[in-house]
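Here is the structure we will look at.
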Amino acid sequence: MSDFAKKLDRYAELIVKIGASVQRGQTVVVNASLDGAELTRLVVKKCYEAGAYNVKVFWTDETVTRLKYDLAPDDAFREEPKWQAAEKLELARAGAATINIMSDNPDLLSGVPGSRIADAQLAAGRAMQEYRVLSRGFKFSWNIATTPSKGWADKVFPEAPEAERIGLLWDTIFKLVRADREDTLAAWEEHLSNLKRRADILNAKQYRALRYAAPGTDLTIELPRDHIWLGGRKQNADGIWFVPNLPTEELYTAPKRDGVRGRVSSTKPLSYAGQIIEDFTLEFEEGRAVRTSAARGADALARLVQMDEGAAYLGEVALVPHRSPISDSGLLFYKTLFDENASCHLAVGGAYSSCIAGGADMSQEELSARGLNNSTVHTDFMVGSGELDIFGVTADGGEEQVFTKGAWAF
């Protein structure tokens with residue numbers, strides 16, 4: 001077996017055994033890009049070896065996606081994919097695990113009218129609303145992993161010889177998911193334990209708010225009562241532990257919907273719906289993003305926070321040290337799964353119900369009453385740097401340093 005084949009095998013094993021934690025007799029849904037066919041087939045094989053009852057693969061293709069955006073009539077983007085949503089909802093309710101093997105070209109939809117992208121995003125969000133509730137409540141196991149594509153590799157390694165770019169991206173992915181180590185699963189167990197240790201510290205603190213200070217950023221984020229910091233592993237409704245994101249370096253919780261005020265500036269470009277948004281700022285009053293600006297992609301940013309009523313509010317606050325394996329790579333990935341794990345970040349849109357005690361079993365009305373935001377969207381954007389200081393506001397109004405110049409203060 002070649003060195004590449006060994007690493008690919010470890011990666012697939014990680015996705016199945018730790019990522020989705022596939023159980024004997026379980027159905028597995030795999031959403032995959034055609035660019036990831038080799039990895040997807042290996043994942044399917046390992047699912048069955050783990051005792052899966054059935055593995056259903058849903059393929060996507062970038063070329064076909066772009067053809068639709070270029071040639072289909074406008075009404076096609078307003079049509080909700082109800083049949084697809086109903087099938088996935090039925091499978092999720094039955095306890096099926098979901099594995100997403102994605103490989104998006106950050107520039108795939110460059111030049112496409114923004115109205116088409118917004119209509120498609122909104123239609124999909126509405127159709128998948130019930131599924132999203134189950135997903136954000138971690139009612140079933142799900143996992144997101146990646147595989148290279150030519151468009152993505154060209155974006156990350158533009159200076160490398162064209163024939164070497166995909167190989168370079170594979171090597172980088174293997175390193176960041178620890179598939180370059182002989183015992184990948186043991187390395188992940190150690191990493192997950194470290195994340196849990198820090199989460200336990202933050203949960204014991206129960207800060208009333210976080211205050212962010214950095215160039216271009218002066219932001220205060222209130223936290224709801226009984227909030228929970230999550231990171232690494234999650235537990236589904238059947239008590240099975242799984243890891244949603246590979247890689248993962250973050251600890252995160254939900255902010256109080258109307259408790260965000262001030263200004264925050266991005267520190268990395270955001271790849272959103274096939275477009276790039278760069279050097280942008282958001283200004284918040286009583287939780288709502290009342291003003292946005294961007295050096296590139298300003299219209300896309302404005303549309304994002306107008307997708308629905310909740311899209312202008314924050315749904316996630318996440319802490320990641322500036323010196324993390326992904327940050328230390330020195331690469332800009334133009335993919336949120338990687339870039340968010342190189343930087344402290346926030347997310348506009350819906351909150352994860354499990355971020356408050358008992359939230360996974362609450363109705364949306366109950367969650368809203370507890371201060372959690374609801375939206376069809378959930379989009380992370382990066383705000384961390386080596387200049388970011390974060391202070392935890394205690395119950396008595398005092399402050400403790402949580403991050404100092406981008407590093408944990410404890």
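Letters for chains follow the order of the structure tokens (A, B, ...), residue numbers begin at 1 for each chain, and ligand numbers begin at 1 in the order shown.
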Each residue of range 177-282 of chain A with at least one atom at most 10 Å from range 138-145 of chain A should appear once, together with its nearest atom pair and the corresponding distance in Å (one decimal); atoms considered: only C-alpha atoms; ordering: chain, then increasing residue number; output as JSON lines.
{"residue": "A:Val177", "atom": "CA", "partner": "A:Ala145", "partner_atom": "CA", "distance": 9.3}
{"residue": "A:Lys234", "atom": "CA", "partner": "A:Phe138", "partner_atom": "CA", "distance": 7.1}
{"residue": "A:Gln235", "atom": "CA", "partner": "A:Phe138", "partner_atom": "CA", "distance": 6.8}
{"residue": "A:Asn236", "atom": "CA", "partner": "A:Lys139", "partner_atom": "CA", "distance": 4.8}
{"residue": "A:Ala237", "atom": "CA", "partner": "A:Lys139", "partner_atom": "CA", "distance": 4.7}
{"residue": "A:Asp238", "atom": "CA", "partner": "A:Phe140", "partner_atom": "CA", "distance": 7.9}
{"residue": "A:Gly239", "atom": "CA", "partner": "A:Lys139", "partner_atom": "CA", "distance": 9.4}
{"residue": "A:Ile240", "atom": "CA", "partner": "A:Ser141", "partner_atom": "CA", "distance": 7.7}
{"residue": "A:Trp241", "atom": "CA", "partner": "A:Ser141", "partner_atom": "CA", "distance": 7.9}
{"residue": "A:Phe242", "atom": "CA", "partner": "A:Ser141", "partner_atom": "CA", "distance": 6.1}
{"residue": "A:Val243", "atom": "CA", "partner": "A:Asn143", "partner_atom": "CA", "distance": 6.4}
{"residue": "A:Pro244", "atom": "CA", "partner": "A:Asn143", "partner_atom": "CA", "distance": 4.1}
{"residue": "A:Asn245", "atom": "CA", "partner": "A:Ile144", "partner_atom": "CA", "distance": 5.1}
{"residue": "A:Leu246", "atom": "CA", "partner": "A:Ala145", "partner_atom": "CA", "distance": 5.4}
{"residue": "A:Pro247", "atom": "CA", "partner": "A:Ala145", "partner_atom": "CA", "distance": 7.6}
*Skip range 272-280 of chain A itself and residues of its chain fewer than 2 positions away, then list as a PyMOL selection string all residues within 6 Å of it, counting only C-alpha atoms.*
chain A and resi 106-110+265-266+269-270+293-297
*Skipping near chain neighbours, those fewer than 2 positions away, what residues fall within 12 Å of Val133 in chain A using only C-alpha atoms, listed as a PyMOL selection string?*
chain A and resi 89+92-93+125-131+135-140+350-354+359-364+367+374-377
What would the file look like if the residues just selected were written as a CSV table (one decimal), in the first residue's frame with N, CA and C atoms?
chain,number,residue,atom,x,y,z
A,89,LEU,N,-35.1,14.1,6.0
A,89,LEU,CA,-35.7,14.2,7.3
A,89,LEU,C,-36.2,12.9,7.8
A,92,ALA,N,-33.2,10.9,9.0
A,92,ALA,CA,-32.7,11.5,10.2
A,92,ALA,C,-33.5,11.1,11.4
A,93,ARG,N,-34.8,11.2,11.2
A,93,ARG,CA,-35.8,10.8,12.3
A,93,ARG,C,-35.6,9.3,12.7
A,125,GLY,N,-33.1,26.5,2.5
A,125,GLY,CA,-33.3,26.7,4.0
A,125,GLY,C,-34.7,26.5,4.5
A,126,ARG,N,-35.7,26.9,3.7
A,126,ARG,CA,-37.1,26.7,4.1
A,126,ARG,C,-37.4,25.2,4.0
A,127,ALA,N,-37.0,24.5,3.0
A,127,ALA,CA,-37.3,23.1,2.8
A,127,ALA,C,-36.6,22.2,3.9
A,128,MET,N,-35.4,22.6,4.3
A,128,MET,CA,-34.7,21.8,5.3
A,128,MET,C,-34.9,22.3,6.7
A,129,GLN,N,-35.9,23.1,7.0
A,129,GLN,CA,-36.0,23.7,8.3
A,129,GLN,C,-36.2,22.6,9.4
A,130,GLU,N,-37.0,21.6,9.2
A,130,GLU,CA,-37.2,20.6,10.2
A,130,GLU,C,-36.0,19.8,10.4
A,131,TYR,N,-35.3,19.5,9.3
A,131,TYR,CA,-34.1,18.7,9.4
A,131,TYR,C,-33.0,19.5,10.1
A,135,SER,N,-30.6,18.6,13.3
A,135,SER,CA,-29.2,18.7,13.2
A,135,SER,C,-28.6,19.6,14.3
A,136,ARG,N,-29.1,20.8,14.5
A,136,ARG,CA,-28.6,21.7,15.5
A,136,ARG,C,-28.8,21.2,16.9
A,137,GLY,N,-29.8,20.4,17.1
A,137,GLY,CA,-30.0,19.8,18.4
A,137,GLY,C,-29.2,18.5,18.6
A,138,PHE,N,-28.4,18.1,17.6
A,138,PHE,CA,-27.6,16.9,17.6
A,138,PHE,C,-28.4,15.7,17.9
A,139,LYS,N,-29.6,15.6,17.3
A,139,LYS,CA,-30.5,14.5,17.5
A,139,LYS,C,-30.0,13.2,16.8
A,140,PHE,N,-29.2,13.4,15.8
A,140,PHE,CA,-28.6,12.3,15.1
A,140,PHE,C,-27.1,12.6,14.8
A,350,GLY,N,-28.8,31.1,12.8
A,350,GLY,CA,-29.4,30.3,13.9
A,350,GLY,C,-28.4,29.7,14.9
A,351,ALA,N,-28.8,29.6,16.1
A,351,ALA,CA,-28.0,29.1,17.2
A,351,ALA,C,-28.2,27.5,17.3
A,352,TYR,N,-27.3,26.9,17.9
A,352,TYR,CA,-27.4,25.4,18.2
A,352,TYR,C,-28.1,25.3,19.6
A,353,SER,N,-29.2,24.6,19.5
A,353,SER,CA,-30.1,24.5,20.7
A,353,SER,C,-29.3,23.8,21.9
A,354,SER,N,-28.4,23.0,21.6
A,354,SER,CA,-27.6,22.3,22.7
A,354,SER,C,-26.7,23.2,23.4
A,359,GLY,N,-31.6,22.5,26.2
A,359,GLY,CA,-32.1,23.2,24.9
A,359,GLY,C,-32.4,22.2,23.8
A,360,ALA,N,-31.8,21.1,23.8
A,360,ALA,CA,-32.1,20.1,22.7
A,360,ALA,C,-33.5,19.6,22.7
A,361,ASP,N,-34.2,19.7,23.9
A,361,ASP,CA,-35.5,19.2,24.0
A,361,ASP,C,-36.5,20.4,24.1
A,362,MET,N,-36.1,21.6,23.9
A,362,MET,CA,-37.0,22.7,23.9
A,362,MET,C,-37.6,23.0,22.5
A,363,SER,N,-38.8,23.6,22.5
A,363,SER,CA,-39.4,24.1,21.3
A,363,SER,C,-38.7,25.4,20.9
A,364,GLN,N,-38.9,25.8,19.6
A,364,GLN,CA,-38.3,27.0,19.2
A,364,GLN,C,-38.8,28.2,20.0
A,367,LEU,N,-36.7,28.2,23.1
A,367,LEU,CA,-35.4,28.6,22.9
A,367,LEU,C,-35.3,30.1,22.7
A,374,ASN,N,-32.9,32.3,16.0
A,374,ASN,CA,-33.5,31.4,15.0
A,374,ASN,C,-33.4,31.9,13.6
A,375,SER,N,-32.9,31.1,12.7
A,375,SER,CA,-32.7,31.6,11.3
A,375,SER,C,-32.5,30.4,10.4
A,376,THR,N,-32.8,30.5,9.1
A,376,THR,CA,-32.6,29.5,8.2
A,376,THR,C,-31.1,29.4,7.8
A,377,VAL,N,-30.3,30.4,8.1
A,377,VAL,CA,-28.9,30.4,7.8
A,377,VAL,C,-28.0,30.3,9.0
*Among the residues of range 14-155 of chain A, find those DSSP assigns to helix (DSSP H, G or I) from the backbone and print them as a PyMOL selection string.*
chain A and resi 14-19+34-49+62-71+74-77+82-93+114-127+129-136+150-155
Selection above as a file: C-alpha atoms, as a PDB file, in the first residue's frame:
ATOM      1  CA  LEU A  14     -11.530   8.507  11.158  1.00  0.00           C
ATOM      2  CA  ILE A  15     -14.639   9.759   9.351  1.00  0.00           C
ATOM      3  CA  VAL A  16     -16.570   6.543   9.994  1.00  0.00           C
ATOM      4  CA  LYS A  17     -15.403   5.549  13.487  1.00  0.00           C
ATOM      5  CA  ILE A  18     -14.940   8.911  15.239  1.00  0.00           C
ATOM      6  CA  GLY A  19     -16.616  11.435  12.944  1.00  0.00           C
ATOM      7  CA  LEU A  34     -17.831  13.746  -7.541  1.00  0.00           C
ATOM      8  CA  ASP A  35     -14.341  15.155  -6.900  1.00  0.00           C
ATOM      9  CA  GLY A  36     -14.291  13.034  -3.771  1.00  0.00           C
ATOM     10  CA  ALA A  37     -15.299   9.750  -5.405  1.00  0.00           C
ATOM     11  CA  GLU A  38     -12.198   7.836  -4.272  1.00  0.00           C
ATOM     12  CA  LEU A  39     -12.588   8.850  -0.627  1.00  0.00           C
ATOM     13  CA  THR A  40     -16.359   8.372  -0.746  1.00  0.00           C
ATOM     14  CA  ARG A  41     -16.077   4.782  -1.995  1.00  0.00           C
ATOM     15  CA  LEU A  42     -13.606   3.996   0.772  1.00  0.00           C
ATOM     16  CA  VAL A  43     -15.921   5.563   3.364  1.00  0.00           C
ATOM     17  CA  VAL A  44     -18.841   3.480   2.067  1.00  0.00           C
ATOM     18  CA  LYS A  45     -16.691   0.342   2.364  1.00  0.00           C
ATOM     19  CA  LYS A  46     -15.735   1.159   5.946  1.00  0.00           C
ATOM     20  CA  CYS A  47     -19.358   1.926   6.855  1.00  0.00           C
ATOM     21  CA  TYR A  48     -20.383  -1.556   5.784  1.00  0.00           C
ATOM     22  CA  GLU A  49     -17.360  -3.062   7.558  1.00  0.00           C
ATOM     23  CA  GLU A  62     -19.726  21.409  -9.677  1.00  0.00           C
ATOM     24  CA  THR A  63     -20.112  21.523 -13.441  1.00  0.00           C
ATOM     25  CA  VAL A  64     -23.791  20.576 -13.259  1.00  0.00           C
ATOM     26  CA  THR A  65     -24.352  23.108 -10.462  1.00  0.00           C
ATOM     27  CA  ARG A  66     -22.802  25.916 -12.505  1.00  0.00           C
ATOM     28  CA  LEU A  67     -24.804  24.951 -15.597  1.00  0.00           C
ATOM     29  CA  LYS A  68     -28.017  25.384 -13.643  1.00  0.00           C
ATOM     30  CA  TYR A  69     -27.010  28.807 -12.335  1.00  0.00           C
ATOM     31  CA  ASP A  70     -26.081  29.926 -15.850  1.00  0.00           C
ATOM     32  CA  LEU A  71     -28.972  28.460 -17.835  1.00  0.00           C
ATOM     33  CA  ASP A  74     -35.194  32.387 -12.384  1.00  0.00           C
ATOM     34  CA  ASP A  75     -38.176  30.466 -10.998  1.00  0.00           C
ATOM     35  CA  ALA A  76     -36.060  27.302 -10.715  1.00  0.00           C
ATOM     36  CA  PHE A  77     -34.105  28.884  -7.866  1.00  0.00           C
ATOM     37  CA  LYS A  82     -39.171  19.413  -0.752  1.00  0.00           C
ATOM     38  CA  TRP A  83     -38.781  15.836  -2.003  1.00  0.00           C
ATOM     39  CA  GLN A  84     -35.067  15.791  -1.152  1.00  0.00           C
ATOM     40  CA  ALA A  85     -35.688  17.399   2.231  1.00  0.00           C
ATOM     41  CA  ALA A  86     -38.454  14.910   3.051  1.00  0.00           C
ATOM     42  CA  GLU A  87     -36.217  11.918   2.332  1.00  0.00           C
ATOM     43  CA  LYS A  88     -33.349  13.231   4.456  1.00  0.00           C
ATOM     44  CA  LEU A  89     -35.732  14.214   7.259  1.00  0.00           C
ATOM     45  CA  GLU A  90     -37.251  10.725   7.295  1.00  0.00           C
ATOM     46  CA  LEU A  91     -33.804   9.131   7.470  1.00  0.00           C
ATOM     47  CA  ALA A  92     -32.655  11.482  10.243  1.00  0.00           C
ATOM     48  CA  ARG A  93     -35.763  10.770  12.306  1.00  0.00           C
ATOM     49  CA  GLY A 114     -26.700  37.508  -6.467  1.00  0.00           C
ATOM     50  CA  SER A 115     -30.473  37.237  -6.589  1.00  0.00           C
ATOM     51  CA  ARG A 116     -30.237  33.691  -7.945  1.00  0.00           C
ATOM     52  CA  ILE A 117     -27.873  32.622  -5.177  1.00  0.00           C
ATOM     53  CA  ALA A 118     -30.031  34.234  -2.492  1.00  0.00           C
ATOM     54  CA  ASP A 119     -33.222  32.627  -3.864  1.00  0.00           C
ATOM     55  CA  ALA A 120     -31.591  29.184  -3.937  1.00  0.00           C
ATOM     56  CA  GLN A 121     -30.226  29.554  -0.399  1.00  0.00           C
ATOM     57  CA  LEU A 122     -33.589  30.705   0.953  1.00  0.00           C
ATOM     58  CA  ALA A 123     -35.555  27.942  -0.816  1.00  0.00           C
ATOM     59  CA  ALA A 124     -33.204  25.249   0.481  1.00  0.00           C
ATOM     60  CA  GLY A 125     -33.281  26.744   3.979  1.00  0.00           C
ATOM     61  CA  ARG A 126     -37.066  26.658   4.097  1.00  0.00           C
ATOM     62  CA  ALA A 127     -37.269  23.097   2.806  1.00  0.00           C
ATOM     63  CA  GLN A 129     -36.044  23.681   8.309  1.00  0.00           C
ATOM     64  CA  GLU A 130     -37.217  20.608  10.243  1.00  0.00           C
ATOM     65  CA  TYR A 131     -34.058  18.710   9.353  1.00  0.00           C
ATOM     66  CA  ARG A 132     -31.990  21.668  10.545  1.00  0.00           C
ATOM     67  CA  VAL A 133     -33.727  21.625  13.942  1.00  0.00           C
ATOM     68  CA  LEU A 134     -32.720  17.995  14.424  1.00  0.00           C
ATOM     69  CA  SER A 135     -29.188  18.678  13.208  1.00  0.00           C
ATOM     70  CA  ARG A 136     -28.586  21.703  15.454  1.00  0.00           C
ATOM     71  CA  LYS A 150      -9.033  21.357  -8.857  1.00  0.00           C
ATOM     72  CA  GLY A 151     -10.768  24.694  -8.273  1.00  0.00           C
ATOM     73  CA  TRP A 152     -10.127  24.586  -4.526  1.00  0.00           C
ATOM     74  CA  ALA A 153      -6.499  23.459  -4.893  1.00  0.00           C
ATOM     75  CA  ASP A 154      -5.853  26.217  -7.455  1.00  0.00           C
ATOM     76  CA  LYS A 155      -7.181  28.775  -4.970  1.00  0.00           C
TER      77      LYS A 155
END
Considering only C-alpha atoms, give me a table of residues in range 213-292 of chain A that are at most 7 Å from range 191-195 of chain A, with the closest atom pair and distance in Å for each, as a Markdown table.
| residue | atom | partner | partner_atom | distance |
| --- | --- | --- | --- | --- |
| A:Gly231 | CA | A:Leu195 | CA | 6.1 |
| A:Gly232 | CA | A:Leu192 | CA | 5.5 |
| A:Arg233 | CA | A:Leu192 | CA | 7.0 |
_Separation of CA of Ala94 in chain A from CA of Gly25 in chain A in Å_ =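 Computing it gives 11.8 Å between the two atoms.
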*Have a look at CA of Ser33 in chain A and CA of Thr98 in chain A and let me know their distance in Å, one decimal.*
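Computing the Euclidean distance for CA of Ser33 in chain A and CA of Thr98 in chain A yields 14.3 Å.
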*Neighbours of Pro224 in chain A within 9 Å (only C-alpha atoms; same-chain residues fewer than 6 positions away dropped), as number ranges by chain?*
A: 208-209, 254-257, 259, 356, 370-372
_Ranking A:Ile326, A:Ala318, A:Leu304, A:Ala97 by minimum distance to Gln23 in chain A and counting only C-alpha atoms, which one comes first?_
A:Ala97
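Each of A:Leu176, A:Met307, A:Val29, A:Ala347 was checked against Tyr252 in chain A using only C-alpha atoms; the smallest atom-to-atom distance is that of A:Ala347.
What separates CA of Ala20 in chain A from CA of Ala96 in chain A is a distance of 10.0 Å.
When only C-alpha atoms are used to compute distances to Thr248 in chain A, the closest of the residues A:Thr292, A:Thr147, A:Gln26, A:Ser343 turns out to be A:Ser343.
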*asked:* Need the shell around Val290 in chain A: protein/DNA/RNA residues with any atom at most 12 Å away, counting only C-alpha atoms. Skip same-chain ones fewer than 5 positions apart. Format as a ChimeraX atom specification?
replied: /A:260-263,281-285,302,305-306,311-313
_Residue nearest Cys355 in chain A - candidates A:Arg225, A:Lys56, A:Arg211, A:Lys6, atoms counted: only C-alpha atoms_ =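 Once distances to Cys355 in chain A are computed over only C-alpha atoms, the minimum belongs to A:Arg225.
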_strand (DSSP E or B) positions in range 112-302 of chain A, given as an MDAnalysis selection string_ = chainID A and resid 142:146 209:214 217:222 227 230:231 233:235 241:242 245 251:253 260:265 270:272 275:285 288:296
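For Asp180 in chain A, the set of protein, DNA and RNA residues having any atom at most 8 Å away, when counting only C-alpha atoms and skipping those fewer than 5 positions along the same chain, is A:Lys7, A:Phe174, A:Lys175.
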For the residues selected in the previous step, produce a file with N, CA and C atoms as a PDB file, in the first residue's frame.
ATOM      1  N   LYS A   7      -2.683   6.888   4.187  1.00  0.00           N
ATOM      2  CA  LYS A   7      -3.272   8.082   4.789  1.00  0.00           C
ATOM      3  C   LYS A   7      -4.746   8.208   4.441  1.00  0.00           C
ATOM      4  N   PHE A 174      -4.463  15.747   5.110  1.00  0.00           N
ATOM      5  CA  PHE A 174      -4.021  14.595   5.917  1.00  0.00           C
ATOM      6  C   PHE A 174      -3.351  15.055   7.208  1.00  0.00           C
ATOM      7  N   LYS A 175      -2.509  16.078   7.116  1.00  0.00           N
ATOM      8  CA  LYS A 175      -1.812  16.568   8.305  1.00  0.00           C
ATOM      9  C   LYS A 175      -2.791  17.179   9.310  1.00  0.00           C
TER      10      LYS A 175
END
_Report as a list in words all protein, DNA and RNA residues lying within 8 Å of Thr404 in chain A, evaluated on only C-alpha atoms, omitting residues in the same chain fewer than 2 positions from it._
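The residues satisfying every condition are Glu387, Leu388, Asp389, Ile390, Gln401, Val402, Gly406, Ala407, Trp408 and Ala409 of chain A.
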Put those residues in a file: C-alpha atoms, as a PDB file, in the first residue's frame.
ATOM      1  CA  GLU A 387      -3.886  41.016  18.257  1.00  0.00           C
ATOM      2  CA  LEU A 388      -7.211  39.894  19.711  1.00  0.00           C
ATOM      3  CA  ASP A 389      -7.894  40.222  23.431  1.00  0.00           C
ATOM      4  CA  ILE A 390     -11.057  38.714  24.927  1.00  0.00           C
ATOM      5  CA  GLN A 401      -8.733  37.766  30.619  1.00  0.00           C
ATOM      6  CA  VAL A 402      -9.765  34.811  28.450  1.00  0.00           C
ATOM      7  CA  GLY A 406      -4.824  35.568  20.359  1.00  0.00           C
ATOM      8  CA  ALA A 407      -3.753  32.938  22.930  1.00  0.00           C
ATOM      9  CA  TRP A 408      -5.574  31.352  25.849  1.00  0.00           C
ATOM     10  CA  ALA A 409      -4.943  33.331  29.026  1.00  0.00           C
TER      11      ALA A 409
END
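When only C-alpha atoms are used to compute distances to Ala179 in chain A, the closest of the residues A:Phe391, A:Val57, A:Phe403, A:Asp9 turns out to be A:Asp9.
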